[in-house]
Structures are given as structure tokens and as C-alpha cells.
Amino acid sequence: MSMRKRWFIACGVVALGVLLATVAVLASRSGGDSSRPTLAELAAKNYRTLTKSESRTLVTYADHVYRCVTAHGAKVAAPVASSTRIVMSAPHRSARTLLGYLSACDDTVGPPPPKASLQARTGQILVYLPKQCLLSPTEVDTAA
């Protein structure tokens, strides 16, 4: 084998080694991104355990919401408390429909208690204390 041919093979082996090392480094860096939890996974774990006092406060607020939305015609079950949230079941109701009822009650019921969240989701209205804010700053309309 000629010296020139050995030189090209050696260069090819070195280039292949560099390429494989680069791919390995990039794969290990992007592996961290793919292991980040999705928004749905974060939301599912975003409920604080309520103290007795917090639970009483949120149940009282949920009762006011319940009375108002049912007065506006919403087919919603009475609030049910758990250790992490208050749920008003609304089978076969879209989040958009439930949000319409909640909006109609804004002036009557007012905002949720401090640090609490009131949410309309498909089939339910929730009142809870989130562990953290999951709202992306890029999604907030600052003109409002």
C-alpha cells in the first residue's frame, strides 16, 4: 500500500472519530431537553396540599362560584373538596362554555383568594393553590 493511500485512510479514520465524538456530545446535550416534563405533566403535579384553613377558604369561594354559575344556567355539580383542590364536575361541558359562565360571574364572585387559581377545564371547574405559575410570559397579553 502506498504512502499516499495510508495517509488518506489515516485522515479518514481521524475524521470519522471526530464526527462520532461530536455526535455523541450533541446527543448527550439534547438528551436533557427531551427529558423535560411536558406542560401537561407539570400541570398534573402543580397542586399544593391544602391546610384546613386554606381548604375552608377555597370551599367557601367555590360555593360562591357554584351558586353564581348555576344561577346563570350552568349544569355543574356542587363543589367537592380533596386534599389538593376543589372540583365542580360539569360533564359534557367544554372549557370554553364553562369559562363563559365564570366570566358572567366575575363581578358577583370576584377573583379567587390570594395565591389561588380558578380554572375552567373540559368537564370541570377547579379551585386550587398552584405550586408554581406555569403561564409562559410570552403568552401573556400585556395590553389587557
# chains A, B, ... in the order shown; residues from 1 in each chain; ligands from 1

$ residues_around --residues "range 76-83 of chain A" --least-positions-apart "6" --cutoff "6 Å" --atoms "only C-alpha atoms" --output "tab-separated table (two decimals) with C-alpha atoms, in the first residue's frame"
chain	number	residue	atom	x	y	z
A	49	THR	CA	-51.71	20.11	49.63
A	50	LEU	CA	-54.23	22.34	51.39
A	89	SER	CA	-67.89	18.46	37.92
A	90	ALA	CA	-69.55	19.56	34.68

$ atom_distance --atom1 "CA of Tyr61 in chain A" --atom2 "CA of Ala40 in chain A"
25.7 Å

$ residues_around --residues "range 108-124 of chain A" --least-positions-apart "2" --cutoff "6 Å" --atoms "only C-alpha atoms" --output "PyMOL selection string"
chain A and resi 88-95+98-99+105-106+126-129

$ write_last_selection --atoms "C-alpha atoms" --output "JSON list (two decimals), in the first residue's frame"
[["chain", "number", "residue", "atom", "x", "y", "z"],
["A", 88, "MET", "CA", -67.10, 21.16, 40.44],
["A", 89, "SER", "CA", -67.89, 18.46, 37.92],
["A", 90, "ALA", "CA", -69.55, 19.56, 34.68],
["A", 91, "PRO", "CA", -69.87, 16.51, 32.42],
["A", 92, "HIS", "CA", -70.07, 17.15, 28.68],
["A", 93, "ARG", "CA", -69.25, 20.85, 29.09],
["A", 94, "SER", "CA", -66.35, 22.40, 27.21],
["A", 95, "ALA", "CA", -63.83, 24.62, 28.95],
["A", 98, "LEU", "CA", -67.66, 26.92, 31.46],
["A", 99, "LEU", "CA", -65.44, 29.97, 31.01],
["A", 105, "CYS", "CA", -69.87, 35.76, 37.49],
["A", 106, "ASP", "CA", -66.74, 37.94, 37.60],
["A", 126, "LEU", "CA", -61.24, 23.79, 39.64],
["A", 127, "VAL", "CA", -60.17, 25.93, 42.58],
["A", 128, "TYR", "CA", -56.70, 25.17, 43.94],
["A", 129, "LEU", "CA", -53.37, 26.55, 45.13]]
